[in-house]
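File shown here: input.cif, holding mmCIF, C-alpha atoms.
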data_upload
loop_
_atom_site.group_PDB
_atom_site.id
_atom_site.type_symbol
_atom_site.label_atom_id
_atom_site.label_comp_id
_atom_site.auth_asym_id
_atom_site.auth_seq_id
_atom_site.Cartn_x
_atom_site.Cartn_y
_atom_site.Cartn_z
ATOM 1 C CA MET A 1 -88.539 183.087 -9.301
ATOM 2 C CA MET A 2 -89.297 183.472 -5.593
ATOM 3 C CA LYS A 3 -89.606 187.240 -5.502
ATOM 4 C CA SER A 4 -92.221 187.140 -8.291
ATOM 5 C CA THR A 5 -95.028 186.163 -5.924
ATOM 6 C CA GLY A 6 -94.560 189.139 -3.632
ATOM 7 C CA ILE A 7 -94.115 191.652 -6.433
ATOM 8 C CA ILE A 8 -97.163 190.419 -8.382
ATOM 9 C CA THR A 9 -99.349 190.237 -5.283
ATOM 10 C CA ARG A 10 -98.475 193.836 -4.363
ATOM 11 C CA GLN A 11 -99.216 194.932 -7.929
ATOM 12 C CA VAL A 12 -102.639 193.338 -7.946
ATOM 13 C CA ARG A 13 -103.463 194.833 -4.552
ATOM 14 C CA CYS A 14 -102.427 198.210 -5.900
ATOM 15 C CA ASN A 15 -104.957 197.782 -8.698
ATOM 16 C CA GLN A 16 -107.686 197.758 -6.073
ATOM 17 C CA SER A 17 -106.720 201.228 -4.853
ATOM 18 C CA PRO A 18 -108.023 204.530 -6.291
ATOM 19 C CA ASP A 19 -104.453 205.538 -7.262
ATOM 20 C CA LYS A 20 -102.952 204.619 -10.606
ATOM 21 C CA PRO A 21 -100.599 201.664 -10.170
ATOM 22 C CA HIS A 22 -97.883 200.454 -12.488
ATOM 23 C CA LEU A 23 -97.775 196.833 -13.570
ATOM 24 C CA ASP A 24 -94.858 194.610 -14.479
ATOM 25 C CA PRO A 25 -92.546 194.792 -17.539
ATOM 26 C CA PRO A 26 -93.864 193.726 -20.953
ATOM 27 C CA PRO A 27 -92.243 191.078 -23.162
ATOM 28 C CA THR A 28 -90.312 193.754 -25.078
ATOM 29 C CA HIS A 29 -87.888 193.831 -22.139
ATOM 30 C CA PHE A 30 -87.118 190.137 -22.521
ATOM 31 C CA LEU A 31 -85.551 190.750 -25.939
ATOM 32 C CA CYS A 32 -82.562 192.197 -24.068
ATOM 33 C CA SER A 33 -81.591 188.828 -22.606
ATOM 34 C CA SER A 34 -83.727 186.030 -24.110
ATOM 35 C CA PRO A 35 -83.066 184.145 -27.348
ATOM 36 C CA GLU A 36 -85.720 185.051 -29.900
ATOM 37 C CA LEU A 37 -86.997 181.495 -30.257
ATOM 38 C CA GLN A 38 -87.700 181.298 -26.520
ATOM 39 C CA LEU A 39 -89.498 184.630 -26.247
ATOM 40 C CA LYS A 40 -93.035 183.346 -26.898
ATOM 41 C CA LEU A 41 -92.661 180.543 -24.353
ATOM 42 C CA LEU A 42 -91.181 182.945 -21.797
ATOM 43 C CA CYS A 43 -94.067 185.378 -22.214
ATOM 44 C CA LEU A 44 -96.639 182.606 -21.837
ATOM 45 C CA HIS A 45 -94.892 181.299 -18.726
ATOM 46 C CA LEU A 46 -94.845 184.774 -17.155
ATOM 47 C CA ASN A 47 -98.549 185.193 -17.790
ATOM 48 C CA TYR A 48 -99.314 181.772 -16.293
ATOM 49 C CA ILE A 49 -97.486 182.838 -13.130
ATOM 50 C CA THR A 50 -99.054 186.292 -13.054
ATOM 51 C CA MET A 51 -102.606 185.035 -13.392
ATOM 52 C CA SER A 52 -101.971 182.317 -10.808
ATOM 53 C CA CYS A 53 -100.624 184.821 -8.262
ATOM 54 C CA ALA A 54 -103.539 187.151 -9.017
ATOM 55 C CA GLN A 55 -106.146 184.434 -8.478
ATOM 56 C CA PRO A 56 -107.105 185.596 -4.941
ATOM 57 C CA TYR A 57 -107.956 189.024 -6.415
ATOM 58 C CA PRO A 58 -110.543 188.274 -9.113
ATOM 59 C CA CYS A 59 -111.277 191.913 -9.909
ATOM 60 C CA CYS A 60 -107.819 192.512 -11.383
ATOM 61 C CA PRO A 61 -106.131 189.700 -13.318
ATOM 62 C CA GLU A 62 -107.532 190.607 -16.735
ATOM 63 C CA PHE A 63 -105.993 194.072 -16.651
ATOM 64 C CA LEU A 64 -102.830 192.839 -15.002
ATOM 65 C CA THR A 65 -102.068 190.159 -17.556
ATOM 66 C CA GLY A 66 -103.270 192.240 -20.467
ATOM 67 C CA SER A 67 -100.855 194.988 -19.593
ATOM 68 C CA LEU A 68 -98.022 192.468 -19.895
ATOM 69 C CA ASP A 69 -98.815 191.911 -23.559
ATOM 70 C CA CYS A 70 -97.497 195.347 -24.454
ATOM 71 C CA PRO A 71 -96.203 194.556 -27.951
ATOM 72 C CA GLN A 72 -99.918 194.953 -28.722
ATOM 73 C CA VAL A 73 -99.640 198.537 -27.394
ATOM 74 C CA PRO A 74 -96.986 200.207 -29.591
ATOM 75 C CA GLU A 75 -97.292 203.451 -27.637
ATOM 76 C CA HIS A 76 -94.836 201.953 -25.117
ATOM 77 C CA ALA A 77 -91.980 201.815 -27.610
ATOM 78 C CA GLU A 78 -92.916 205.132 -29.215
ATOM 79 C CA LEU A 79 -92.932 206.930 -25.876
ATOM 80 C CA ALA A 80 -89.611 205.260 -25.007
ATOM 81 C CA TRP A 81 -88.061 206.974 -28.034
ATOM 82 C CA ILE A 82 -89.340 210.374 -26.923
ATOM 83 C CA LEU A 83 -88.109 209.830 -23.359
ATOM 84 C CA GLY A 84 -84.790 208.514 -24.668
ATOM 85 C CA CYS A 85 -84.241 211.879 -26.309
ATOM 86 C CA LEU A 86 -84.422 213.431 -22.821
ATOM 87 C CA THR A 87 -82.084 210.907 -21.179
ATOM 88 C CA ASN A 88 -78.361 211.358 -20.635
ATOM 89 C CA VAL A 89 -76.213 208.416 -21.846
ATOM 90 C CA PRO A 90 -73.666 208.658 -18.976
ATOM 91 C CA ARG A 91 -76.593 208.267 -16.542
ATOM 92 C CA LEU A 92 -77.510 204.943 -18.171
ATOM 93 C CA LEU A 93 -73.898 203.780 -18.220
ATOM 94 C CA ARG A 94 -73.650 204.288 -14.460
ATOM 95 C CA LEU A 95 -76.608 202.046 -13.619
ATOM 96 C CA PRO A 96 -75.481 198.905 -11.735
ATOM 97 C CA GLN A 97 -77.820 196.629 -13.695
ATOM 98 C CA TRP A 98 -76.156 197.648 -16.968
ATOM 99 C CA LYS A 99 -72.705 196.961 -15.560
ATOM 100 C CA MET A 100 -73.707 193.595 -14.134
ATOM 101 C CA LYS A 101 -75.612 192.353 -17.193
ATOM 102 C CA ARG A 102 -72.918 193.590 -19.554
ATOM 103 C CA ALA A 103 -70.283 191.719 -17.568
ATOM 104 C CA SER A 104 -72.364 188.539 -17.857
ATOM 105 C CA GLN A 105 -72.429 189.020 -21.659
ATOM 106 C CA ASN A 106 -68.633 189.221 -22.011
ATOM 107 C CA ARG A 107 -68.855 193.020 -21.878
ATOM 108 C CA GLU A 108 -70.803 193.090 -25.136
ATOM 109 C CA GLY A 109 -74.040 194.665 -23.922
ATOM 110 C CA THR A 110 -76.576 195.703 -26.558
ATOM 111 C CA VAL A 111 -78.235 199.071 -27.091
ATOM 112 C CA GLY A 112 -81.511 197.453 -25.969
ATOM 113 C CA LEU A 113 -79.911 196.389 -22.700
ATOM 114 C CA LEU A 114 -78.503 199.880 -22.124
ATOM 115 C CA THR A 115 -81.769 201.689 -22.832
ATOM 116 C CA TYR A 116 -84.282 199.278 -21.320
ATOM 117 C CA PRO A 117 -84.569 201.435 -18.147
ATOM 118 C CA VAL A 118 -85.937 204.139 -20.463
ATOM 119 C CA LEU A 119 -88.507 201.648 -21.763
ATOM 120 C CA GLN A 120 -89.353 200.871 -18.132
ATOM 121 C CA ALA A 121 -89.924 204.590 -17.592
ATOM 122 C CA ALA A 122 -92.231 204.652 -20.614
ATOM 123 C CA ASP A 123 -94.179 201.667 -19.230
ATOM 124 C CA ILE A 124 -94.728 203.601 -16.018
ATOM 125 C CA LEU A 125 -95.402 207.089 -17.382
ATOM 126 C CA LEU A 126 -97.640 206.043 -20.288
ATOM 127 C CA TYR A 127 -100.405 205.265 -17.787
ATOM 128 C CA LYS A 128 -99.589 208.248 -15.553
ATOM 129 C CA SER A 129 -98.838 205.774 -12.777
ATOM 130 C CA THR A 130 -98.435 207.228 -9.307
ATOM 131 C CA ARG A 131 -97.156 204.190 -7.373
ATOM 132 C CA VAL A 132 -94.757 201.465 -8.477
ATOM 133 C CA PRO A 133 -94.023 198.245 -6.537
ATOM 134 C CA VAL A 134 -90.273 197.679 -6.827
ATOM 135 C CA GLY A 135 -87.516 195.596 -5.307
ATOM 136 C CA GLU A 136 -84.325 197.128 -3.978
ATOM 137 C CA ASP A 137 -82.488 196.376 -7.227
ATOM 138 C CA GLN A 138 -84.945 198.491 -9.238
ATOM 139 C CA VAL A 139 -84.954 201.624 -7.082
ATOM 140 C CA LEU A 140 -82.377 203.388 -9.255
ATOM 141 C CA HIS A 141 -84.445 202.635 -12.354
ATOM 142 C CA LEU A 142 -87.498 204.177 -10.724
ATOM 143 C CA GLU A 143 -85.438 207.224 -9.777
ATOM 144 C CA LEU A 144 -84.516 207.505 -13.460
ATOM 145 C CA ALA A 145 -88.224 207.405 -14.366
ATOM 146 C CA GLN A 146 -88.898 210.133 -11.795
ATOM 147 C CA ASP A 147 -86.148 212.324 -13.244
ATOM 148 C CA ILE A 148 -87.369 211.747 -16.796
ATOM 149 C CA ALA A 149 -90.911 212.740 -15.770
ATOM 150 C CA GLN A 150 -89.608 215.938 -14.203
ATOM 151 C CA GLN A 151 -87.460 216.655 -17.268
ATOM 152 C CA PHE A 152 -90.464 216.212 -19.560
ATOM 153 C CA ASN A 153 -92.634 218.416 -17.359
ATOM 154 C CA LYS A 154 -89.970 221.123 -17.302
ATOM 155 C CA LYS A 155 -89.685 221.137 -21.090
ATOM 156 C CA TYR A 156 -93.311 220.643 -22.132
ATOM 157 C CA GLY A 157 -95.365 221.688 -19.110
ATOM 158 C CA GLU A 158 -96.766 219.745 -16.154
ATOM 159 C CA PHE A 159 -98.096 216.481 -17.524
ATOM 160 C CA PHE A 160 -96.678 213.379 -15.837
ATOM 161 C CA PRO A 161 -97.166 212.708 -12.116
ATOM 162 C CA VAL A 162 -93.847 211.795 -10.507
ATOM 163 C CA PRO A 163 -94.288 208.133 -9.496
ATOM 164 C CA LYS A 164 -93.411 206.969 -6.010
ATOM 165 C CA ALA A 165 -91.922 203.624 -5.018
ATOM 166 C CA ILE A 166 -93.722 200.997 -2.985
ATOM 167 C CA LEU A 167 -90.849 199.123 -1.402
ATOM 168 C CA SER A 168 -91.262 195.613 -0.097
ATOM 169 C CA THR A 169 -90.597 194.967 3.580
ATOM 170 C CA THR A 170 -89.128 191.612 2.529
ATOM 171 C CA LYS A 171 -85.360 191.420 2.712
ATOM 172 C CA LYS A 172 -83.571 190.887 -0.598
ATOM 173 C CA ILE A 173 -83.513 187.189 -1.452
ATOM 174 C CA LYS A 174 -80.042 185.859 -2.172
ATOM 175 C CA SER A 175 -78.753 182.932 -4.211
ATOM 176 C CA LEU A 176 -78.881 179.595 -2.419
ATOM 177 C CA ARG A 177 -75.431 178.746 -3.770
ATOM 178 C CA ASP A 178 -73.785 182.152 -3.278
ATOM 179 C CA PRO A 179 -75.499 184.316 -0.652
ATOM 180 C CA ALA A 180 -73.291 187.248 -1.631
ATOM 181 C CA VAL A 181 -75.401 187.803 -4.772
ATOM 182 C CA LYS A 182 -79.141 188.071 -5.319
ATOM 183 C CA MET A 183 -81.247 185.145 -6.449
ATOM 184 C CA SER A 184 -81.665 185.394 -10.205
ATOM 185 C CA LYS A 185 -83.602 183.434 -12.819
ATOM 186 C CA SER A 186 -80.615 183.797 -15.151
ATOM 187 C CA ASP A 187 -78.185 182.130 -12.725
ATOM 188 C CA PRO A 188 -76.453 179.244 -14.562
ATOM 189 C CA GLN A 189 -76.421 177.182 -11.344
ATOM 190 C CA LYS A 190 -79.763 175.383 -11.265
ATOM 191 C CA LEU A 191 -79.562 174.860 -7.498
ATOM 192 C CA ALA A 192 -79.155 178.601 -6.859
ATOM 193 C CA THR A 193 -82.690 179.712 -7.675
ATOM 194 C CA VAL A 194 -86.107 178.531 -6.475
ATOM 195 C CA ASN A 195 -88.684 178.804 -9.241
ATOM 196 C CA ILE A 196 -92.414 179.014 -8.661
ATOM 197 C CA ALA A 197 -93.047 176.023 -10.908
ATOM 198 C CA ASP A 198 -90.455 173.794 -9.170
ATOM 199 C CA SER A 199 -91.741 170.474 -7.859
ATOM 200 C CA PRO A 200 -91.652 169.822 -4.084
ATOM 201 C CA ASP A 201 -88.728 167.418 -4.591
ATOM 202 C CA GLU A 202 -86.772 170.065 -6.501
ATOM 203 C CA ILE A 203 -87.413 172.646 -3.792
ATOM 204 C CA VAL A 204 -86.279 170.252 -1.043
ATOM 205 C CA LEU A 205 -83.097 169.446 -2.971
ATOM 206 C CA LYS A 206 -82.257 173.107 -3.522
ATOM 207 C CA PHE A 207 -82.644 173.976 0.152
ATOM 208 C CA ARG A 208 -80.770 170.877 1.279
ATOM 209 C CA LYS A 209 -77.842 172.007 -0.898
ATOM 210 C CA ALA A 210 -78.104 175.655 0.181
ATOM 211 C CA VAL A 211 -74.778 177.141 1.291
ATOM 212 C CA THR A 212 -74.637 177.992 5.005
ATOM 213 C CA ASP A 213 -71.681 177.680 7.438
ATOM 214 C CA PHE A 214 -70.304 175.437 10.187
ATOM 215 C CA THR A 215 -72.397 176.911 13.034
ATOM 216 C CA SER A 216 -75.516 174.856 13.677
ATOM 217 C CA GLU A 217 -77.604 177.491 15.488
ATOM 218 C CA VAL A 218 -80.099 179.506 13.448
ATOM 219 C CA THR A 219 -79.387 183.234 13.807
ATOM 220 C CA TYR A 220 -79.852 186.344 11.680
ATOM 221 C CA ASP A 221 -76.668 188.242 10.846
ATOM 222 C CA PRO A 222 -76.457 189.018 7.096
ATOM 223 C CA THR A 223 -72.852 190.206 7.389
ATOM 224 C CA ALA A 224 -71.339 187.395 9.450
ATOM 225 C CA ARG A 225 -73.720 184.578 8.427
ATOM 226 C CA PRO A 226 -75.167 185.449 4.976
ATOM 227 C CA GLY A 227 -76.251 181.904 4.082
ATOM 228 C CA VAL A 228 -78.326 181.188 7.194
ATOM 229 C CA SER A 229 -79.637 184.755 7.216
ATOM 230 C CA ASN A 230 -80.856 184.263 3.641
ATOM 231 C CA LEU A 231 -82.833 181.197 4.756
ATOM 232 C CA VAL A 232 -84.386 183.259 7.554
ATOM 233 C CA SER A 233 -85.327 185.997 5.056
ATOM 234 C CA ILE A 234 -86.940 183.464 2.725
ATOM 235 C CA HIS A 235 -88.832 181.872 5.627
ATOM 236 C CA ALA A 236 -90.135 185.282 6.718
ATOM 237 C CA ALA A 237 -91.094 186.205 3.144
ATOM 238 C CA VAL A 238 -93.209 183.113 2.444
ATOM 239 C CA THR A 239 -94.897 182.977 5.868
ATOM 240 C CA GLY A 240 -95.507 186.687 6.343
ATOM 241 C CA LEU A 241 -93.806 186.550 9.738
ATOM 242 C CA SER A 242 -91.179 188.956 11.014
ATOM 243 C CA ILE A 243 -87.524 187.987 11.290
ATOM 244 C CA LYS A 244 -87.914 187.900 15.072
ATOM 245 C CA GLU A 245 -90.933 185.577 14.868
ATOM 246 C CA VAL A 246 -89.152 183.247 12.450
ATOM 247 C CA LEU A 247 -86.110 183.041 14.727
ATOM 248 C CA HIS A 248 -88.380 182.207 17.662
ATOM 249 C CA GLN A 249 -89.864 179.316 15.667
ATOM 250 C CA ALA A 250 -86.356 178.098 14.818
ATOM 251 C CA THR A 251 -85.234 177.925 18.435
ATOM 252 C CA GLY A 252 -83.533 174.580 19.086
ATOM 253 C CA LEU A 253 -83.216 173.641 15.414
ATOM 254 C CA ASP A 254 -79.877 173.123 13.722
ATOM 255 C CA THR A 255 -79.363 174.487 10.222
ATOM 256 C CA ALA A 256 -79.858 171.088 8.534
ATOM 257 C CA HIS A 257 -83.331 170.697 10.064
ATOM 258 C CA TYR A 258 -84.114 174.366 9.545
ATOM 259 C CA LYS A 259 -83.437 174.053 5.814
ATOM 260 C CA MET A 260 -86.253 171.492 5.619
ATOM 261 C CA VAL A 261 -88.586 173.764 7.601
ATOM 262 C CA VAL A 262 -87.948 176.576 5.120
ATOM 263 C CA ALA A 263 -88.352 174.215 2.171
ATOM 264 C CA GLU A 264 -91.732 173.034 3.468
ATOM 265 C CA SER A 265 -92.892 176.634 3.961
ATOM 266 C CA VAL A 266 -91.929 177.473 0.382
ATOM 267 C CA ILE A 267 -93.694 174.355 -0.917
ATOM 268 C CA GLN A 268 -96.892 175.317 0.918
ATOM 269 C CA LYS A 269 -96.686 178.888 -0.395
ATOM 270 C CA PHE A 270 -96.195 177.804 -3.994
ATOM 271 C CA ALA A 271 -98.634 174.849 -4.034
ATOM 272 C CA PRO A 272 -101.814 176.798 -4.927
ATOM 273 C CA ILE A 273 -99.896 178.826 -7.507
ATOM 274 C CA ARG A 274 -98.499 175.685 -9.152
ATOM 275 C CA ASN A 275 -101.982 174.157 -9.204
ATOM 276 C CA GLU A 276 -103.393 177.250 -10.858
ATOM 277 C CA ILE A 277 -100.568 177.282 -13.422
ATOM 278 C CA LYS A 278 -101.420 173.675 -14.295
ATOM 279 C CA LYS A 279 -105.087 174.582 -14.817
ATOM 280 C CA LEU A 280 -104.149 177.491 -17.072
ATOM 281 C CA GLN A 281 -101.743 175.366 -19.090
ATOM 282 C CA GLU A 282 -104.609 172.963 -19.771
ATOM 283 C CA ASP A 283 -106.772 175.823 -21.062
ATOM 284 C CA LYS A 284 -104.538 178.090 -23.139
ATOM 285 C CA SER A 285 -107.528 179.516 -24.965
ATOM 286 C CA HIS A 286 -108.671 181.142 -21.715
ATOM 287 C CA LEU A 287 -105.248 182.725 -21.181
ATOM 288 C CA ILE A 288 -105.166 184.036 -24.756
ATOM 289 C CA LYS A 289 -108.665 185.499 -24.349
ATOM 290 C CA VAL A 290 -107.642 187.225 -21.117
ATOM 291 C CA LEU A 291 -104.540 188.667 -22.813
ATOM 292 C CA GLU A 292 -106.557 189.931 -25.765
ATOM 293 C CA ASP A 293 -109.151 191.579 -23.505
ATOM 294 C CA GLY A 294 -106.420 193.083 -21.346
ATOM 295 C CA ALA A 295 -104.554 194.422 -24.361
ATOM 296 C CA GLU A 296 -107.720 196.207 -25.465
ATOM 297 C CA LYS A 297 -108.096 197.768 -22.029
ATOM 298 C CA ALA A 298 -104.457 198.825 -22.043
ATOM 299 C CA LYS A 299 -104.903 200.417 -25.482
ATOM 300 C CA GLU A 300 -107.948 202.330 -24.258
ATOM 301 C CA LEU A 301 -105.894 203.784 -21.429
ATOM 302 C CA ALA A 302 -102.701 204.428 -23.371
ATOM 303 C CA ALA A 303 -104.007 205.885 -26.625
ATOM 304 C CA PRO A 304 -105.491 209.195 -25.359
ATOM 305 C CA ILE A 305 -102.499 209.856 -23.090
ATOM 306 C CA TYR A 306 -100.043 209.233 -25.900
ATOM 307 C CA GLN A 307 -102.015 211.437 -28.286
ATOM 308 C CA GLU A 308 -101.653 214.282 -25.789
ATOM 309 C CA ILE A 309 -97.927 213.569 -25.517
ATOM 310 C CA ARG A 310 -97.633 213.769 -29.335
ATOM 311 C CA ARG A 311 -99.389 217.137 -29.240
ATOM 312 C CA LEU A 312 -97.106 218.457 -26.508
ATOM 313 C CA VAL A 313 -93.873 217.486 -28.252
ATOM 314 C CA GLY A 314 -95.087 218.824 -31.603
ATOM 315 C CA PHE A 315 -95.765 215.646 -33.570
ATOM 316 C CA GLN A 316 -99.282 216.874 -34.329
#
Could you quickly redo this structure as structure tokens?
Amino acid sequence: MMKSTGIITRQVRCNQSPDKPHLDPPPTHFLCSSPELQLKLLCLHLNYITMSCAQPYPCCPEFLTGSLDCPQVPEHAELAWILGCLTNVPRLLRLPQWKMKRASQNREGTVGLLTYPVLQAADILLYKSTRVPVGEDQVLHLELAQDIAQQFNKKYGEFFPVPKAILSTTKKIKSLRDPAVKMSKSDPQKLATVNIADSPDEIVLKFRKAVTDFTSEVTYDPTARPGVSNLVSIHAAVTGLSIKEVLHQATGLDTAHYKMVVAESVIQKFAPIRNEIKKLQEDKSHLIKVLEDGAEKAKELAAPIYQEIRRLVGFQ
């Protein structure tokens, strides 16, 4: 999905800093919404994308992708149980993501779906992460992780640093078919979401069909003109320009022509990533080796911290 490139790039850059960053969710989270038979393919696809986005930062991809293979690091799930015992159920029930996902599942949400923010907190705290790149829709989950860290510290003594959010300056990307909701990989409308692996023709089609309005001028007003404003946000996100700079470039263009300008910018942004994904898909053994090495590094980091947590809570 489109927002993946920005999130992953920020994560890899964080890895180059002296602070302890947090990396993206492991495959255990996917069990909440993905059919079991698709899980392996989904995990492989995520790692293809992650490594491809990390390619400009060669010092980091091994650790980044290895950390995603967290079923190989059982301390994540074990810590999630401990943190779950400190978490209030009504707090989880109030989270917007739970309400939205449950509604999409005919109001039959699973326990895994309800408690996955606690697993997210475990992913963060297990490595004593201090900074976490998040989108707007995950801020409340990070706040939960902060509260859980403080609760643990209050009960067992100062141990976890309270992680801080690194918020993107990019505006929230909305669905191309319904700009009132965010762009989502789970959207049943195929034209609503731009995927990193989409072909240029698919990207052009999706932007050509993007919902706008009957005013031809390109302006930025998310309230009055959400569709066109979403295109402007996407254009700014993939070019690194400000909203003001993007609008200046769009002067004199009508929305039909502007859609093609945005589509071309997205194609150019994704081209090197798609090429890298193709290379990785042709050499799966390299990806598997990277994941295995990364899992070992993740274990080395997680094991001593979790042993100390076991001591603090009285397991040993």
Identify the residues within 9 Å of coordinate (-84.8, 206.2, -23.1) (same frame as the file), considering all atoms listed in the file, and give the answer as an mmCIF file with C-alpha atoms, in the coordinates of the input.
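Result file follows (out-v9.cif):
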data_model
loop_
_atom_site.group_PDB
_atom_site.id
_atom_site.type_symbol
_atom_site.label_atom_id
_atom_site.label_comp_id
_atom_site.auth_asym_id
_atom_site.auth_seq_id
_atom_site.Cartn_x
_atom_site.Cartn_y
_atom_site.Cartn_z
ATOM 1 C CA LEU A 79 -92.932 206.930 -25.876
ATOM 2 C CA ALA A 80 -89.611 205.260 -25.007
ATOM 3 C CA TRP A 81 -88.061 206.974 -28.034
ATOM 4 C CA ILE A 82 -89.340 210.374 -26.923
ATOM 5 C CA LEU A 83 -88.109 209.830 -23.359
ATOM 6 C CA GLY A 84 -84.790 208.514 -24.668
ATOM 7 C CA CYS A 85 -84.241 211.879 -26.309
ATOM 8 C CA LEU A 86 -84.422 213.431 -22.821
ATOM 9 C CA THR A 87 -82.084 210.907 -21.179
ATOM 10 C CA ASN A 88 -78.361 211.358 -20.635
ATOM 11 C CA VAL A 89 -76.213 208.416 -21.846
ATOM 12 C CA LEU A 92 -77.510 204.943 -18.171
ATOM 13 C CA LEU A 114 -78.503 199.880 -22.124
ATOM 14 C CA THR A 115 -81.769 201.689 -22.832
ATOM 15 C CA TYR A 116 -84.282 199.278 -21.320
ATOM 16 C CA PRO A 117 -84.569 201.435 -18.147
ATOM 17 C CA VAL A 118 -85.937 204.139 -20.463
ATOM 18 C CA LEU A 119 -88.507 201.648 -21.763
ATOM 19 C CA GLN A 120 -89.353 200.871 -18.132
ATOM 20 C CA ALA A 121 -89.924 204.590 -17.592
ATOM 21 C CA ALA A 122 -92.231 204.652 -20.614
ATOM 22 C CA ILE A 148 -87.369 211.747 -16.796
#
Practice task
Would you list the contacts of Glu217 of chain A as a list of chain:residue names, taking every protein, DNA or RNA residue within 8 Å and counting all atoms listed in the file, but skipping same-chain residues closer than 2 positions in sequence?
Solution key: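 Returned residues: A:Thr215, A:Thr219, A:Gly252, A:Leu253, A:Asp254, A:Thr255.
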Practice task
Pick out the residues sitting within 10 Å of segment 229-231 of chain A, and hand them over as a list in words; count only C-alpha atoms, and ignore anything fewer than 6 positions along from it in its own chain.
Solution key: Lys171, Lys172, Ile173, Lys174, Ser175, Leu176, Pro179, Ala180, Lys182, Phe207, Ala210, Val211, Thr212, Val218, Thr219, Tyr220, Asp221, Pro222, Thr223, Ala237, Ile243, Thr255, Tyr258, Lys259, Val261, Val262 and Ala263 of chain A
Exercise for the section: Could you please determine the separation between atom CA of Phe152 of chain A and atom CA of Ile124 of chain A in Å, to one decimal place? Expected result: 13.8 Å
Under the PyMOL selection byres ((chain A and resi 125) around 8), which residues of this model are included? Write them out as an mmCIF file with C-alpha atoms, in the coordinates of the input.
data_model
loop_
_atom_site.group_PDB
_atom_site.id
_atom_site.type_symbol
_atom_site.label_atom_id
_atom_site.label_comp_id
_atom_site.auth_asym_id
_atom_site.auth_seq_id
_atom_site.Cartn_x
_atom_site.Cartn_y
_atom_site.Cartn_z
ATOM 1 C CA ALA A 121 -89.924 204.590 -17.592
ATOM 2 C CA ALA A 122 -92.231 204.652 -20.614
ATOM 3 C CA ASP A 123 -94.179 201.667 -19.230
ATOM 4 C CA ILE A 124 -94.728 203.601 -16.018
ATOM 5 C CA LEU A 126 -97.640 206.043 -20.288
ATOM 6 C CA TYR A 127 -100.405 205.265 -17.787
ATOM 7 C CA LYS A 128 -99.589 208.248 -15.553
ATOM 8 C CA SER A 129 -98.838 205.774 -12.777
ATOM 9 C CA ALA A 145 -88.224 207.405 -14.366
ATOM 10 C CA ALA A 149 -90.911 212.740 -15.770
ATOM 11 C CA PHE A 160 -96.678 213.379 -15.837
ATOM 12 C CA PRO A 161 -97.166 212.708 -12.116
#
Handout entry: Atomic separation - atom CA of Ile309 of chain A relative to atom CA of Lys155 of chain A, Å
Key =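 Straight-line distance from atom CA of Lys155 of chain A to atom CA of Ile309 of chain A works out to 12.0 Å.
Computed from the coordinates, the atom CA of Leu95 of chain A to atom CA of His141 of chain A distance equals 8.0 Å.
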Problem - Which of A:Val228, A:Leu113, A:Ala271, A:Val73 sits closest to Lys299 of chain A [using all atoms listed in the file] - result: A:Val73
Exercise for the section: Check the smallest atom-to-atom distance from each of A:Val139, A:Ala103, A:Leu144, A:Met183 to Ile166 of chain A using all atoms listed in the file, then report the winner. Expected result: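 That would be A:Val139, the residue with the smallest distance to Ile166 of chain A.
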Exercise for the section: Can you work out which one of A:Pro200, A:Pro163, A:Gly135, A:Gly157 has the shortest atom-to-atom distance to Arg274 of chain A, counting all atoms listed in the file? Expected result: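 Residue with the minimum atom-to-atom distance to Arg274 of chain A: A:Pro200.
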Practice task
Go through A:Asn195, A:Ser242, A:Ser233, A:Ser216 and flag the residue nearest Phe270 of chain A, using only C-alpha atoms for the distances.
Solution key: A:Asn195
Spatial neighbours of Glu245 of chain A, 10 Å, only C-alpha atoms, chain gap at least 5 places, as a PDB file with C-alpha atoms, keeping the file's coordinate frame:
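Full text of selection.pdb as output:
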ATOM      1  CA  ALA A 236     -90.135 185.282   6.718  1.00  0.00           C
ATOM      2  CA  GLY A 240     -95.507 186.687   6.343  1.00  0.00           C
ATOM      3  CA  ALA A 250     -86.356 178.098  14.818  1.00  0.00           C
TER       4      ALA A 250
END
